[in-house]
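Chemist: File protein-v7.cif follows (mmCIF, C-alpha atoms):
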```cif
data_run
#
loop_
_atom_site.label_atom_id
_atom_site.label_comp_id
_atom_site.auth_asym_id
_atom_site.auth_seq_id
_atom_site.Cartn_x
_atom_site.Cartn_y
_atom_site.Cartn_z
CA MET A 1 47.94 5.73 73.00
CA LEU A 2 49.78 4.23 70.00
CA ARG A 3 49.56 0.72 68.54
CA ARG A 4 52.01 -0.99 66.17
CA SER A 5 49.89 -3.11 63.85
CA GLU A 6 52.29 -5.91 62.91
CA ASP A 7 52.69 -7.32 66.43
CA GLU A 8 49.99 -5.30 68.20
CA ILE A 9 52.36 -3.53 70.57
CA LYS A 10 50.54 -0.75 72.38
CA ILE A 11 52.20 2.27 74.02
CA VAL A 12 50.56 4.29 76.80
CA LEU A 13 52.47 7.30 78.14
CA THR A 14 51.20 9.52 80.94
CA ARG A 15 52.13 13.01 82.03
CA PRO A 16 54.89 13.42 84.65
CA LEU A 17 54.06 14.01 88.28
CA SER A 18 53.57 17.68 89.10
CA LEU A 19 54.73 19.66 92.12
CA ASN A 20 51.36 19.20 93.83
CA GLY A 21 51.30 15.49 93.03
CA GLU A 22 48.48 15.53 90.48
CA LEU A 23 47.54 12.23 88.87
CA GLU A 24 46.60 11.49 85.26
CA VAL A 25 43.16 10.56 86.60
CA ASP A 26 41.27 12.15 89.47
CA TYR A 27 40.60 9.01 91.47
CA LYS A 28 40.76 8.06 95.13
CA ALA A 29 39.35 4.89 96.57
CA PRO A 30 36.42 5.47 98.94
CA ASN A 31 37.27 5.10 102.64
CA LEU A 32 40.92 5.22 101.62
CA ILE A 33 42.50 4.86 105.08
CA GLN A 34 40.24 1.95 106.03
CA ARG A 35 40.94 0.19 102.74
CA ILE A 36 44.70 0.67 103.06
CA LEU A 37 44.73 -0.63 106.63
CA SER A 38 42.63 -3.61 105.56
CA LEU A 39 45.41 -4.58 103.13
CA PHE A 40 47.79 -4.89 106.07
CA LYS A 41 45.47 -6.65 108.54
CA ASN A 42 47.43 -9.91 108.25
CA VAL A 43 50.86 -8.27 108.09
CA ARG A 44 52.96 -8.15 111.24
CA PRO A 45 54.90 -5.01 112.22
CA GLY A 46 58.49 -5.30 111.06
CA SER A 47 57.54 -7.33 107.98
CA ASP A 48 59.33 -6.78 104.65
CA LEU A 49 56.74 -5.68 102.07
CA THR A 50 59.02 -6.06 99.05
CA HIS A 51 56.69 -8.51 97.30
CA PHE A 52 53.41 -7.27 98.75
CA LYS A 53 50.84 -7.14 95.94
CA LEU A 54 48.57 -4.13 95.59
CA PRO A 55 45.19 -4.24 93.85
CA PRO A 56 45.13 -1.96 90.77
CA GLN A 57 42.93 0.56 92.64
CA PHE A 58 46.06 1.47 94.57
CA ASN A 59 48.25 1.93 91.49
CA PHE A 60 48.71 5.01 89.33
CA PRO A 61 49.48 4.50 85.62
CA LYS A 62 53.28 4.34 85.69
CA SER A 63 55.98 1.79 86.40
CA HIS A 64 58.67 2.46 89.00
CA LEU A 65 61.14 2.61 86.08
CA GLN A 66 59.20 5.46 84.52
CA CYS A 67 59.16 7.32 87.84
CA TYR A 68 62.93 6.91 88.20
CA GLY A 69 63.49 8.02 84.62
CA GLU A 70 61.32 11.11 84.97
CA THR A 71 63.52 12.40 87.77
CA VAL A 72 66.33 12.61 85.19
CA TYR A 73 64.68 13.62 81.90
CA CYS A 74 61.64 15.58 83.13
CA SER A 75 62.62 19.02 84.37
CA GLY A 76 61.54 22.54 83.53
CA SER A 77 65.14 23.77 83.86
CA ASP A 78 68.14 21.72 82.76
CA MET A 79 69.92 21.47 86.09
CA LEU A 80 71.92 18.44 85.02
CA ARG A 81 73.82 20.33 82.32
CA ARG A 82 74.55 23.16 84.75
CA CYS A 83 76.62 20.74 86.82
CA ASN A 84 79.34 20.72 84.15
CA GLN A 85 79.25 24.39 83.16
CA ALA A 86 81.07 26.15 86.01
CA ASP A 87 84.87 26.42 85.86
CA ASN A 88 85.13 26.52 89.66
CA SER A 89 85.00 23.11 91.40
CA LEU A 90 83.01 24.48 94.35
CA ASP A 91 80.41 26.00 92.01
CA ARG A 92 80.14 22.66 90.21
CA PHE A 93 79.66 20.89 93.53
CA MET A 94 76.88 23.28 94.54
CA SER A 95 75.19 22.65 91.18
CA VAL A 96 75.35 18.89 91.83
CA VAL A 97 73.76 19.41 95.27
CA ALA A 98 70.94 21.40 93.68
CA TRP A 99 70.47 18.80 90.95
CA SER A 100 70.32 16.02 93.55
CA ILE A 101 67.48 17.84 95.34
CA SER A 102 65.69 18.28 92.00
CA THR A 103 65.41 14.49 91.55
CA LEU A 104 62.82 14.26 94.35
CA ARG A 105 59.24 14.00 93.18
CA PRO A 106 56.15 14.59 95.34
CA PRO A 107 54.86 11.16 96.40
CA ILE A 108 51.10 10.60 96.39
CA PHE A 109 49.37 9.13 99.40
CA GLY A 110 47.24 6.05 98.74
CA VAL A 111 48.63 5.04 95.34
CA ALA A 112 51.91 3.63 94.03
CA PRO A 113 53.53 2.85 90.66
CA TYR A 114 53.73 -0.70 89.30
CA ASN A 115 56.51 -3.03 90.41
CA PRO A 116 58.59 -3.62 87.25
CA ILE A 117 58.87 -7.15 85.87
CA LEU A 118 62.26 -8.75 85.29
CA GLY A 119 63.89 -7.38 82.14
CA GLU A 120 61.48 -4.47 81.81
CA THR A 121 63.12 -1.39 80.25
CA HIS A 122 62.40 2.30 79.85
CA HIS A 123 64.25 4.32 77.19
CA VAL A 124 63.67 8.05 76.67
CA SER A 125 65.69 10.93 75.21
CA ARG A 126 65.62 14.61 75.97
CA ALA A 127 67.65 16.53 73.38
CA THR A 128 71.18 15.01 73.65
CA LEU A 129 70.47 13.31 77.00
CA ASN A 130 69.64 9.62 76.52
CA VAL A 131 68.23 7.68 79.48
CA LEU A 132 67.92 3.88 79.74
CA LEU A 133 66.60 1.87 82.68
CA GLU A 134 66.28 -1.87 83.21
CA GLN A 135 64.87 -4.07 85.96
CA ILE A 136 67.90 -6.27 86.60
CA SER A 137 66.41 -8.37 89.40
CA HIS A 138 62.92 -9.29 90.55
CA HIS A 139 63.75 -11.15 93.79
CA PRO A 140 64.86 -8.79 95.26
CA PRO A 141 63.60 -5.96 93.01
CA VAL A 142 66.60 -3.99 91.73
CA SER A 143 66.49 -1.24 89.09
CA ALA A 144 69.44 0.13 87.13
CA LEU A 145 69.74 3.42 85.26
CA HIS A 146 72.29 4.64 82.73
CA ALA A 147 72.09 8.10 81.20
CA THR A 148 74.60 9.86 78.98
CA ASP A 149 74.91 13.23 77.32
CA GLU A 150 77.81 12.88 74.90
CA GLU A 151 77.67 16.54 73.84
CA HIS A 152 77.97 17.78 77.43
CA ASN A 153 80.22 14.97 78.76
CA ILE A 154 77.84 13.78 81.48
CA GLU A 155 77.12 10.22 82.62
CA LEU A 156 74.74 8.89 85.28
CA ILE A 157 74.77 5.38 86.75
CA TRP A 158 72.25 4.33 89.40
CA CYS A 159 71.49 1.02 91.05
CA HIS A 160 68.45 0.99 93.39
CA GLN A 161 66.82 -1.60 95.62
CA CYS A 162 63.71 -0.51 97.52
CA VAL A 163 63.01 -2.35 100.79
CA PRO A 164 59.64 -1.41 102.34
CA ASN A 165 58.99 -2.35 105.97
CA PHE A 166 55.63 -2.28 107.74
CA ASN A 167 55.71 -0.75 111.22
CA GLY A 168 52.05 -0.80 112.20
CA ALA A 169 51.06 2.82 111.70
CA TRP A 170 53.50 3.52 108.89
CA VAL A 171 55.60 1.98 106.10
CA GLU A 172 59.20 3.08 105.61
CA THR A 173 60.86 2.24 102.30
CA GLU A 174 64.63 2.19 102.43
CA VAL A 175 66.22 3.04 99.08
CA ARG A 176 69.47 1.07 99.00
CA GLY A 177 72.22 1.57 96.46
CA LYS A 178 74.18 4.51 95.15
CA ARG A 179 73.99 7.08 92.41
CA GLN A 180 76.99 8.21 90.42
CA LEU A 181 77.13 11.44 88.44
CA LYS A 182 80.25 11.70 86.29
CA LEU A 183 81.44 14.95 84.77
CA LEU A 184 83.67 13.28 82.20
CA SER A 185 85.51 16.35 80.89
CA ARG A 186 86.34 17.36 84.50
CA GLY A 187 87.43 13.90 85.64
CA GLU A 188 85.00 14.14 88.58
CA THR A 189 82.67 11.48 89.99
CA TYR A 190 80.00 12.44 92.51
CA GLU A 191 78.53 9.65 94.63
CA MET A 192 75.28 10.00 96.56
CA ASN A 193 72.51 8.00 98.14
CA SER A 194 68.73 8.58 98.34
CA PRO A 195 66.40 9.50 101.20
CA ASN A 196 63.80 6.99 102.39
CA LEU A 197 60.08 7.15 101.63
CA LEU A 198 57.88 7.38 104.73
CA ILE A 199 54.16 6.57 104.45
CA LYS A 200 52.10 7.31 107.58
CA PHE A 201 48.57 6.01 108.08
CA LEU A 202 47.83 7.16 111.62
CA PRO A 203 47.18 9.49 113.34
CA LEU A 204 47.62 11.87 110.37
CA PRO A 205 47.94 10.17 106.97
CA GLY A 206 50.68 11.40 104.66
CA VAL A 207 53.75 10.48 102.64
CA ASP A 208 57.13 12.19 102.43
CA TRP A 209 60.85 11.77 101.82
CA ALA A 210 62.91 11.51 105.00
CA GLY A 211 66.44 10.68 106.09
CA ASN A 212 70.02 11.64 105.39
CA VAL A 213 71.79 11.99 102.06
CA THR A 214 75.55 12.28 101.60
CA ILE A 215 77.12 13.65 98.42
CA ARG A 216 80.87 13.36 97.97
CA CYS A 217 83.47 13.91 95.29
CA LYS A 218 86.95 12.51 95.98
CA GLU A 219 88.50 14.44 93.10
CA ASN A 220 87.68 17.90 94.49
CA GLY A 221 87.66 16.94 98.17
CA LEU A 222 84.14 18.20 98.89
CA GLU A 223 81.17 16.64 100.67
CA ALA A 224 77.61 17.58 101.53
CA GLU A 225 75.29 16.26 104.19
CA LEU A 226 71.56 16.79 103.64
CA ARG A 227 68.80 15.96 106.09
CA PHE A 228 65.28 15.63 104.68
CA GLY A 229 62.70 16.28 107.37
CA THR A 230 59.02 15.57 107.83
CA LYS A 231 56.34 16.27 110.37
CA SER A 232 56.50 14.41 113.68
CA PHE A 233 54.29 11.37 114.29
CA PHE A 234 51.43 13.50 115.61
CA GLY A 235 52.12 16.35 113.18
CA LEU A 236 52.91 18.84 115.92
CA ARG A 237 56.66 19.26 115.34
CA GLY A 238 59.00 19.28 112.40
CA SER A 239 58.76 20.93 109.02
CA HIS A 240 57.03 19.41 106.01
CA ARG A 241 59.46 18.63 103.15
CA SER A 242 62.35 20.47 104.79
CA VAL A 243 66.00 20.28 103.75
CA LYS A 244 68.87 21.19 106.05
CA GLY A 245 72.55 20.50 105.67
CA LYS A 246 76.03 21.73 104.95
CA VAL A 247 78.80 21.62 102.37
CA TYR A 248 82.30 21.09 103.73
CA GLU A 249 85.88 20.12 102.91
CA THR A 250 86.42 16.40 103.38
CA ALA A 251 89.98 16.66 104.73
CA THR A 252 89.48 19.48 107.26
CA ARG A 253 85.71 19.15 107.90
CA ARG A 254 85.57 22.93 107.51
CA THR A 255 82.04 24.03 106.68
CA LEU A 256 81.77 26.21 103.57
CA PHE A 257 77.99 26.58 103.21
CA GLN A 258 74.92 26.03 105.38
CA LEU A 259 71.88 24.73 103.47
CA ASN A 260 68.30 25.41 104.47
CA GLY A 261 64.87 25.32 102.84
CA HIS A 262 62.22 23.01 101.44
CA TRP A 263 62.58 20.72 98.44
CA ASP A 264 59.10 21.64 97.16
CA ARG A 265 59.89 25.38 97.39
CA THR A 266 63.40 26.83 97.57
CA VAL A 267 66.72 25.89 99.16
CA THR A 268 69.31 28.53 100.04
CA ALA A 269 73.04 28.27 100.70
CA LYS A 270 74.62 30.61 103.26
CA ASP A 271 78.34 31.28 102.79
CA ASN A 272 80.10 30.70 106.11
CA ASN A 273 82.75 33.32 105.31
CA SER A 274 80.70 36.21 103.97
CA GLY A 275 77.38 35.39 105.63
CA LYS A 276 75.62 35.98 102.31
CA SER A 277 72.82 33.67 101.18
CA ARG A 278 71.70 32.70 97.71
CA VAL A 279 69.01 30.44 96.29
CA ILE A 280 70.54 27.31 94.74
CA TYR A 281 67.30 25.44 94.08
CA ASN A 282 63.83 26.62 93.06
CA ALA A 283 61.16 23.91 92.73
CA GLU A 284 58.94 26.05 90.51
CA GLU A 285 61.68 26.19 87.87
CA VAL A 286 62.14 22.42 88.00
CA PHE A 287 58.43 21.57 87.79
CA SER A 288 57.26 24.27 85.40
CA GLY A 289 56.10 23.30 81.92
CA LEU A 290 56.66 19.56 82.26
CA LYS A 291 55.84 17.68 79.07
CA THR A 292 54.57 14.15 78.50
CA PRO A 293 57.00 11.97 76.49
CA VAL A 294 55.93 11.09 72.94
CA VAL A 295 56.77 8.22 70.61
CA LYS A 296 59.10 9.32 67.82
CA ASP A 297 59.86 5.90 66.33
CA LEU A 298 57.16 3.31 67.08
CA LYS A 299 59.07 0.51 65.35
CA GLY A 300 62.06 1.18 67.59
CA VAL A 301 60.14 0.65 70.83
CA ARG A 302 61.08 -2.61 72.54
CA SER A 303 58.44 -5.05 73.73
CA THR A 304 60.05 -4.74 77.18
CA GLU A 305 59.36 -0.98 77.32
CA SER A 306 57.41 -0.03 80.47
CA ALA A 307 54.87 1.94 78.44
CA ALA A 308 54.18 -1.24 76.42
CA VAL A 309 54.33 -3.84 79.20
CA TRP A 310 51.73 -2.02 81.30
CA SER A 311 49.71 -0.39 78.51
CA GLU A 312 46.50 -2.39 79.07
CA LEU A 313 46.61 -1.79 82.82
CA SER A 314 47.32 1.93 82.43
CA GLU A 315 44.48 2.28 79.95
CA ALA A 316 42.09 0.52 82.34
CA ILE A 317 43.14 2.64 85.32
CA MET A 318 42.70 5.87 83.37
CA SER A 319 39.20 4.79 82.35
CA GLN A 320 38.57 3.49 85.90
CA ASN A 321 37.57 0.09 84.56
CA TRP A 322 38.70 -1.88 87.60
CA GLU A 323 37.64 -5.31 86.38
CA LYS A 324 39.70 -4.85 83.22
CA ALA A 325 42.55 -3.44 85.32
CA LYS A 326 42.58 -6.54 87.51
CA GLU A 327 42.66 -8.80 84.45
CA ALA A 328 45.45 -6.77 82.82
CA LYS A 329 47.63 -6.81 85.94
CA ASN A 330 47.11 -10.55 86.42
CA ALA A 331 48.01 -11.14 82.76
CA VAL A 332 51.38 -9.36 83.10
CA GLU A 333 52.21 -11.17 86.33
CA GLU A 334 51.15 -14.58 84.98
CA LYS A 335 53.26 -14.09 81.84
CA GLN A 336 56.27 -13.36 84.06
CA ARG A 337 55.63 -16.55 86.07
CA GLU A 338 55.33 -18.54 82.84
CA VAL A 339 58.67 -17.25 81.55
CA LEU A 340 60.26 -18.15 84.91
CA ARG A 341 58.86 -21.70 84.73
CA GLU A 342 60.23 -22.13 81.20
CA ARG A 343 63.70 -21.02 82.32
CA GLU A 344 63.61 -23.43 85.25
CA LEU A 345 62.60 -26.33 82.99
CA LYS A 346 65.41 -25.52 80.54
CA GLY A 347 67.90 -24.87 83.35
CA THR A 348 68.80 -21.47 81.94
CA THR A 349 69.50 -18.24 83.79
CA TRP A 350 68.48 -14.71 82.91
CA ASP A 351 71.06 -11.96 82.39
CA PRO A 352 70.39 -8.22 82.05
CA GLN A 353 70.60 -6.91 78.50
CA ASN A 354 72.14 -3.52 79.29
CA PHE A 355 74.08 -3.97 82.53
CA SER A 356 76.60 -6.28 84.13
CA VAL A 357 75.87 -6.95 87.79
CA THR A 358 78.13 -7.67 90.77
CA TYR A 359 77.27 -8.30 94.40
CA THR A 360 78.96 -6.54 97.29
CA LYS A 361 80.15 -8.24 100.48
CA ASP A 362 77.32 -6.62 102.47
CA GLY A 363 74.68 -8.13 100.18
CA GLY A 364 74.26 -5.03 98.05
CA TRP A 365 74.21 -4.62 94.28
CA GLU A 366 76.47 -2.78 91.87
CA CYS A 367 75.87 -2.46 88.15
CA SER A 368 78.00 -1.36 85.22
CA PRO A 369 76.51 -0.36 81.87
CA ILE A 370 77.50 -2.56 78.95
CA GLN A 371 77.52 0.34 76.47
CA GLN A 372 79.69 3.42 76.85
CA TRP A 373 76.97 5.72 75.53
CA VAL A 374 73.22 5.28 75.70
CA PRO A 375 71.79 5.40 72.14
CA PRO A 376 69.01 7.85 71.20
CA ALA A 377 65.59 6.57 72.26
CA PRO A 378 62.43 5.97 70.21
CA ILE A 379 60.51 7.88 72.91
CA VAL A 380 61.43 11.53 73.32
CA LEU A 381 60.54 14.46 75.54
CA PRO A 382 59.23 17.44 73.54
CA LEU A 383 61.31 20.56 74.12
CA SER A 384 58.68 23.08 73.09
#
```
Let me see the file written as structure tokens.
Modeler:
Amino acid sequence: MLRRSEDEIKIVLTRPLSLNGELEVDYKAPNLIQRILSLFKNVRPGSDLTHFKLPPQFNFPKSHLQCYGETVYCSGSDMLRRCNQADNSLDRFMSVVAWSISTLRPPIFGVAPYNPILGETHHVSRATLNVLLEQISHHPPVSALHATDEEHNIELIWCHQCVPNFNGAWVETEVRGKRQLKLLSRGETYEMNSPNLLIKFLPLPGVDWAGNVTIRCKENGLEAELRFGTKSFFGLRGSHRSVKGKVYETATRRTLFQLNGHWDRTVTAKDNNSGKSRVIYNAEEVFSGLKTPVVKDLKGVRSTESAAVWSELSEAIMSQNWEKAKEAKNAVEEKQREVLRERELKGTTWDPQNFSVTYTKDGGWECSPIQQWVPPAPIVLPLS
């Protein structure tokens, strides 16, 4: 924990999620299933849980923005840079597929990150990769990400809206929006979506990523279809954390590779011509040696930084001081309501600081970064 004396800004950073989903603190609420179900006793099946408020006992000490950012800057092997290294377009595409799988993180049953407040930011650098996120809407909650690596000619632009729906025995969170990975020196843009998050309470509690992901690049005429699987409702069928799919030519639909494996273990690609298989993704490489970000320039940290906004709450959760945690969470939420009331009285509107936002005809969101390159961050990921 760091504190800046002149305006008392406090920074609390926690270690990234591991492959087995370990938390910063070893805490689980007693009678977890009963307590979770009690939260939903007045919620009807089919209800949108977008603005459902969780008590701090059901939070772990990170904001959603930090979780999104970690999928980009926290990795034991630099799979993002590999995407731009191969001279062959098919090899580059396979590297993008592998990188896309690497952005999944093991969800933890019974706890969730904080819902970001409007205008909250998260800014971290890893070597020459600079990552900046901003919460660009609160109703509905929409998060934007811009990451650039000027040395390796890579740019990432994401715009995400999570829509959780309660279905009685489970909650399914649809992750709307698209991700763009641009290999600038190749003139290639890869577009992809995200799987959904499925939280099951009964009969067997658990949480997993599920659904279909499509990755396409118009410039090289290649596409991939990935299907993320989970256990069946009763846990008797299906494969936990499985990935199946194919890579094919867009114009002819000719399959080039069959994909098979598990995103928390390995994924292999089988060449349809030669019949040979090779490992394109190894989770142990991605999750090995993950480091906690550190503050390099305390004066450069914005007051909107996630690690500052939620510092009191994170500190209370890690010390398991639940009364203090409740007060800290209420303080952040009340401050946001106060700012909203002031804007309404003045008749002013809020605009994102780092993104311009447009709305699609189907009610979706698209964002464009205001800056061409993300500047180096005051928070960095140690490389050794």
Chemist: Excluding Asn196 of chain A and its own-chain neighbours fewer than 6 positions away, which residues fall within 9 Å of it when counting all atoms listed in the file? Please give them as a list of chain:residue names.
Modeler: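 Surrounding residues, per the criterion: A:Cys162, A:Glu172, A:Thr173, A:Glu174, A:Val175, A:Arg176, A:Asp208, A:Trp209, A:Ala210, A:Gly211, A:Asn212.
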Chemist: Give me the residues within 12 Å of His139 of chain A as an NGL selection string, counting all atoms listed in the file and dropping any in the same chain fewer than 5 places off.
Modeler: :A and (50-51 or 115-118 or 161-163 or 340)
Chemist: Residues within 6 Å of His160 of chain A, please, as number ranges by chain. Count all atoms listed in the file; anything in the same chain fewer than 3 positions from it doesn't count.
Modeler: A: 142-143, 176-177
Chemist: Can you build me a table of segment 48-161 of chain A residues sitting at most 7 Å from segment 277-298 of chain A, with the closest atom pair per residue and its distance in Å to one decimal, using only C-alpha atoms, sorted by chain and residue number, as JSON lines?
Modeler:
```
{"residue": "A:Cys74", "atom": "CA", "partner": "A:Leu290", "partner_atom": "CA", "distance": 6.4}
{"residue": "A:Ser75", "atom": "CA", "partner": "A:Val286", "partner_atom": "CA", "distance": 5.0}
{"residue": "A:Gly76", "atom": "CA", "partner": "A:Val286", "partner_atom": "CA", "distance": 4.5}
{"residue": "A:Ser77", "atom": "CA", "partner": "A:Val286", "partner_atom": "CA", "distance": 5.3}
{"residue": "A:Ala98", "atom": "CA", "partner": "A:Tyr281", "partner_atom": "CA", "distance": 5.5}
{"residue": "A:Ser102", "atom": "CA", "partner": "A:Val286", "partner_atom": "CA", "distance": 6.8}
```
Chemist: Would you mind reading off the distance between atom CA of Thr266 of chain A and atom CA of Thr189 of chain A, one decimal, in Å?
Modeler: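 Interatomic distance here is 25.8 Å.
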Chemist: What is the distance between atom CA of Glu323 of chain A and atom CA of Pro61 of chain A, in Å to one decimal?
Modeler: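 Value for the atom CA of Glu323 of chain A-atom CA of Pro61 of chain A distance: 15.4 Å.
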Chemist: Written as a VMD selection string, which residues does the PyMOL selection byres ((chain A and resi 120) around 7) give for the file shown?
Modeler: chain A and resid 116 to 119 121 134 to 135 304 to 306
Chemist: Calculated over all atoms listed in the file, which of the candidates A:Ile11, A:Ile317, A:Leu259, A:Ala144 has the smallest distance to Phe58 of chain A?
Modeler: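 Result for the nearest residue to Phe58 of chain A: A:Ile317.
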Chemist: Given all atoms listed in the file as the basis, pick out the residue of A:Tyr73, A:Asn354, A:Ile101, A:Pro106 nearest to Ser18 of chain A.
Modeler: A:Pro106
Chemist: What does the distance between atom CA of Asn84 of chain A and atom CA of Val96 of chain A come to in Å, to one decimal place?
Modeler: 8.8 Å
Chemist: When distances are computed from all atoms listed in the file, which of A:Asn20, A:Ser314, A:Ser242, A:Thr358 shows the smallest separation from Arg105 of chain A?
Modeler: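 So, comparing all the options, the nearest one is A:Asn20.
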Chemist: Give me the residues near Ala251 of chain A as a count of residues only, where near means some atom within 12 Å (using all atoms listed in the file) and where sequence neighbours in that chain fewer than 4 positions away do not count.
Modeler: 9
Chemist: Extract, using all atoms listed in the file, all DNA, RNA and protein residues at most 9 Å from Val111 of chain A, discarding same-chain residues fewer than 6 positions from it, and format them as a PyMOL selection string.
Modeler: chain A and resi 28+57-60
Chemist: What would the list of residues within 7 Å of (81.1, 15.7, 81.7) (file frame) look like as a list in words, if only C-alpha atoms are what count?
Modeler: Asn84, His152, Asn153, Ile154, Glu155, Lys182, Leu183, Leu184, Ser185 and Arg186 of chain A
Chemist: I'd like to see the residues matched by the PyMOL selection byres ((chain A and resi 315) around 10) on this file, and ideally I'd get them as a list in words.
Modeler: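 When the PyMOL selection byres ((chain A and resi 315) around 10) is applied to the shown file, the picked residues are Met1, Ile11, Val12, Leu13, Thr14, Pro61, Trp310, Ser311, Glu312, Leu313, Ser314, Ala316, Ile317, Met318, Ser319, Gln320, Asn321, Lys324, Ala325 and Ala328 of chain A.
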Chemist: Please report as a Markdown table every residue of segment 86-151 of chain A lying within 12 Å of segment 199-203 of chain A, along with the nearest atom pair and their distance in Å (one decimal), using only C-alpha atoms.
Modeler:
```
| residue | atom | partner | partner_atom | distance |
| --- | --- | --- | --- | --- |
| A:Pro107 | CA | A:Ile199 | CA | 9.3 |
| A:Ile108 | CA | A:Ile199 | CA | 9.5 |
| A:Phe109 | CA | A:Ile199 | CA | 7.4 |
| A:Gly110 | CA | A:Ile199 | CA | 9.0 |
| A:Val111 | CA | A:Ile199 | CA | 10.8 |
| A:Ala112 | CA | A:Ile199 | CA | 11.1 |
```
Chemist: Counting only C-alpha atoms, which residue out of A:Cys67, A:Leu90, A:Leu104, A:Val339 sits closest to Asp271 of chain A?
Modeler: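 Smallest separation from Asp271 of chain A among the options: A:Leu90.
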Chemist: Given the PyMOL selection byres ((chain A and resi 369) around 8) and the file above, list the residues it selects as number ranges by chain.
Modeler: A: 146, 157, 354-356, 367-368, 370-372
Chemist: Scan for residues within 10 Å of the point (51.3, 3.4, 110.1) in the coordinates of the file, using only C-alpha atoms, and reply as a list in words.
Modeler: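 Here the neighbourhood of the point contains Leu37, Phe40, Pro45, Phe166, Asn167, Gly168, Ala169, Trp170, Val171, Glu172, Leu198, Ile199, Lys200, Phe201, Leu202, Pro203, Leu204, Pro205, Gly206 and Phe233 of chain A.
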Chemist: My structure is short of atoms at segment 310-321 of chain A; please model N, CA, C and O atoms there, returning them as a PDB file, in the frame of the given file.
Modeler:
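Heads up, here's the output in result32.pdb:
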```pdb
ATOM      1  N   TRP A 310      52.849  -2.348  80.431  1.00  0.00           N
ATOM      2  CA  TRP A 310      51.730  -2.020  81.300  1.00  0.00           C
ATOM      3  C   TRP A 310      50.635  -1.230  80.582  1.00  0.00           C
ATOM      4  O   TRP A 310      49.777  -0.632  81.236  1.00  0.00           O
ATOM      5  N   SER A 311      50.636  -1.245  79.260  1.00  0.00           N
ATOM      6  CA  SER A 311      49.710  -0.390  78.510  1.00  0.00           C
ATOM      7  C   SER A 311      48.241  -0.713  78.798  1.00  0.00           C
ATOM      8  O   SER A 311      47.423   0.192  78.992  1.00  0.00           O
ATOM      9  N   GLU A 312      47.895  -2.005  78.819  1.00  0.00           N
ATOM     10  CA  GLU A 312      46.500  -2.390  79.070  1.00  0.00           C
ATOM     11  C   GLU A 312      46.063  -1.973  80.461  1.00  0.00           C
ATOM     12  O   GLU A 312      44.943  -1.472  80.657  1.00  0.00           O
ATOM     13  N   LEU A 313      46.932  -2.174  81.446  1.00  0.00           N
ATOM     14  CA  LEU A 313      46.610  -1.790  82.820  1.00  0.00           C
ATOM     15  C   LEU A 313      46.465  -0.279  82.944  1.00  0.00           C
ATOM     16  O   LEU A 313      45.521   0.222  83.573  1.00  0.00           O
ATOM     17  N   SER A 314      47.390   0.466  82.355  1.00  0.00           N
ATOM     18  CA  SER A 314      47.320   1.930  82.430  1.00  0.00           C
ATOM     19  C   SER A 314      46.046   2.453  81.787  1.00  0.00           C
ATOM     20  O   SER A 314      45.387   3.353  82.317  1.00  0.00           O
ATOM     21  N   GLU A 315      45.701   1.871  80.649  1.00  0.00           N
ATOM     22  CA  GLU A 315      44.480   2.280  79.950  1.00  0.00           C
ATOM     23  C   GLU A 315      43.249   2.026  80.825  1.00  0.00           C
ATOM     24  O   GLU A 315      42.344   2.863  80.918  1.00  0.00           O
ATOM     25  N   ALA A 316      43.230   0.873  81.489  1.00  0.00           N
ATOM     26  CA  ALA A 316      42.090   0.520  82.340  1.00  0.00           C
ATOM     27  C   ALA A 316      41.996   1.428  83.561  1.00  0.00           C
ATOM     28  O   ALA A 316      40.900   1.837  83.966  1.00  0.00           O
ATOM     29  N   ILE A 317      43.142   1.754  84.149  1.00  0.00           N
ATOM     30  CA  ILE A 317      43.140   2.640  85.320  1.00  0.00           C
ATOM     31  C   ILE A 317      42.645   4.024  84.933  1.00  0.00           C
ATOM     32  O   ILE A 317      41.840   4.636  85.639  1.00  0.00           O
ATOM     33  N   MET A 318      43.100   4.523  83.782  1.00  0.00           N
ATOM     34  CA  MET A 318      42.700   5.870  83.370  1.00  0.00           C
ATOM     35  C   MET A 318      41.211   5.945  83.021  1.00  0.00           C
ATOM     36  O   MET A 318      40.597   6.997  83.152  1.00  0.00           O
ATOM     37  N   SER A 319      40.642   4.820  82.612  1.00  0.00           N
ATOM     38  CA  SER A 319      39.200   4.790  82.350  1.00  0.00           C
ATOM     39  C   SER A 319      38.421   4.297  83.563  1.00  0.00           C
ATOM     40  O   SER A 319      37.194   4.192  83.511  1.00  0.00           O
ATOM     41  N   GLN A 320      39.151   3.975  84.639  1.00  0.00           N
ATOM     42  CA  GLN A 320      38.570   3.490  85.900  1.00  0.00           C
ATOM     43  C   GLN A 320      37.721   2.239  85.686  1.00  0.00           C
ATOM     44  O   GLN A 320      36.690   2.040  86.329  1.00  0.00           O
ATOM     45  N   ASN A 321      38.199   1.388  84.788  1.00  0.00           N
ATOM     46  CA  ASN A 321      37.570   0.090  84.560  1.00  0.00           C
ATOM     47  C   ASN A 321      38.343  -0.931  85.403  1.00  0.00           C
ATOM     48  O   ASN A 321      39.318  -1.533  84.955  1.00  0.00           O
TER      49      ASN A 321
END
```
